[in-house]
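In what follows, a structure is listed as structure tokens, so that the remarks can point back to it.
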Amino acid sequence: MVELDIHSIAELTDYAERNPTHGFNFYTQVALRSDIKTVIIKFTYDAKVVFGISITDWGDNYSQAHAIEKEIREITQAYKSYISLEYPPADDEEEFDEDMIVWPYEPDNCT
């Protein structure tokens with residue numbers, strides 16, 4: 001395991017851009033919104049990025065999770081996404097495709 005002394009998201013993304021095949025995770029409990037508990041950014045071995053969150057009150061709240069997933073897709077311009085519970089992000093896109101159900105972006109699909 002390698003620990004990096006990184007002090008900002010800018011330093012994190014700079015490192016990732018300089019090392020596109022170095023897969024690593026970034027977790028923080030410092031979320032920007034009250035309904036988000038943890039933010040996860042995973043840089044994969046095939047130079048992709050996985051953005052994830054852990055919501056504060058999962059319960060039976062699929063609608064909230066789906067709305068946040070939609071928001072992340074729009075902000076990041078992601079072309080694939082999924083919702084999971086206690087499942088680690090994939091190491092590359094091939095693993096993502098093998099492991100996950102990929103839901104197409106449908107604006108009215110949040111029920």
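Scheme for the structure tokens: letters A, B, ... for chains in order shown; per-chain residue numbers from 1; ligand numbers from 1 in order shown.
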
According to DSSP computed on the backbone, where in chain A is there strand (DSSP E or B)? Give the residues as a list in words.
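Put together, the selection reads Phe24, Asn25, Phe26, Tyr27, Thr28, Ile36, Lys37, Thr38, Val39, Ile40, Ile41, Lys42, Phe43, Val49, Val50, Phe51, Gly52, Ile53, Ser54 and Ile55 of chain A.
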
Using only C-alpha atoms, determine which residues lie at most 10 Å from Ile68 (chain A), disregarding the query and same-chain residues fewer than 4 positions distant; provide the list as a ChimeraX atom specification.
/A:35-36,52-53,55,62-64,72-74,83

File dump, residues just selected, C-alpha atoms, as a JSON list (two decimals), in the first residue's frame:
```json
[["chain", "number", "residue", "atom", "x", "y", "z"],
["A", 35, "ASP", "CA", -27.84, 13.94, 3.10],
["A", 36, "ILE", "CA", -24.41, 12.58, 2.07],
["A", 52, "GLY", "CA", -19.61, 7.37, -5.25],
["A", 53, "ILE", "CA", -21.44, 8.46, -2.16],
["A", 55, "ILE", "CA", -26.13, 8.54, 2.02],
["A", 62, "TYR", "CA", -34.41, 4.14, -3.16],
["A", 63, "SER", "CA", -35.98, 7.30, -4.60],
["A", 64, "GLN", "CA", -33.49, 9.51, -2.75],
["A", 72, "ILE", "CA", -23.96, 12.73, -10.04],
["A", 73, "ARG", "CA", -24.42, 11.49, -13.63],
["A", 74, "GLU", "CA", -25.40, 14.96, -14.81],
["A", 83, "ILE", "CA", -26.70, 1.92, -6.99]]
```

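Distance-wise, CA of Glu11 (chain A) and CA of Ser54 (chain A) end up 23.0 Å apart.
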
Interatomic distance (Å, one decimal) between CA of Thr28 (chain A) and CA of Ile40 (chain A):
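Distance reported for this atom pair: 6.7 Å.
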
So which residues touch Gly23 (chain A) within 12 Å, counting only C-alpha atoms, skipping near sequence neighbours fewer than 6 positions away, as a ChimeraX atom specification?
/A:1-2,15-17,41-50,89-93

Just list as a compact mmCIF listing (two decimals) with C-alpha atoms, in the first residue's frame whatever in chain A DSSP marks as helix (DSSP H, G or I).
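What follows is the written file out08.txt:
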```
# COMPACT_ATOMS: atom_id res chain seq x y z
CA ILE A 9 -9.03 17.68 -4.61
CA ALA A 10 -6.88 19.66 -7.06
CA GLU A 11 -3.76 17.77 -5.90
CA LEU A 12 -5.69 14.49 -6.10
CA THR A 13 -6.82 15.04 -9.68
CA ASP A 14 -3.36 16.33 -10.67
CA TYR A 15 -1.80 13.12 -9.35
CA ALA A 16 -4.39 11.01 -11.16
CA GLU A 17 -3.76 12.81 -14.45
CA ARG A 18 0.02 12.28 -14.11
CA TYR A 62 -34.41 4.14 -3.16
CA SER A 63 -35.98 7.30 -4.60
CA GLN A 64 -33.49 9.51 -2.75
CA ALA A 65 -30.56 7.33 -3.83
CA HIS A 66 -31.80 7.34 -7.43
CA ALA A 67 -32.17 11.14 -7.43
CA ILE A 68 -28.60 11.56 -6.12
CA GLU A 69 -27.33 9.06 -8.70
CA LYS A 70 -29.02 11.09 -11.44
CA GLU A 71 -27.45 14.30 -10.10
CA ILE A 72 -23.96 12.73 -10.04
CA ARG A 73 -24.42 11.49 -13.63
CA GLU A 74 -25.40 14.96 -14.81
CA ILE A 75 -22.59 16.78 -12.98
CA THR A 76 -19.87 14.32 -14.00
CA GLU A 93 -14.53 -0.72 -16.72
CA GLU A 94 -14.45 -4.41 -17.67
CA GLU A 95 -14.99 -5.41 -14.03
CA PHE A 96 -17.72 -2.76 -13.73
CA ASP A 97 -19.54 -4.28 -16.71
CA GLU A 98 -19.18 -7.80 -15.32
CA ASP A 99 -20.30 -6.89 -11.79
```
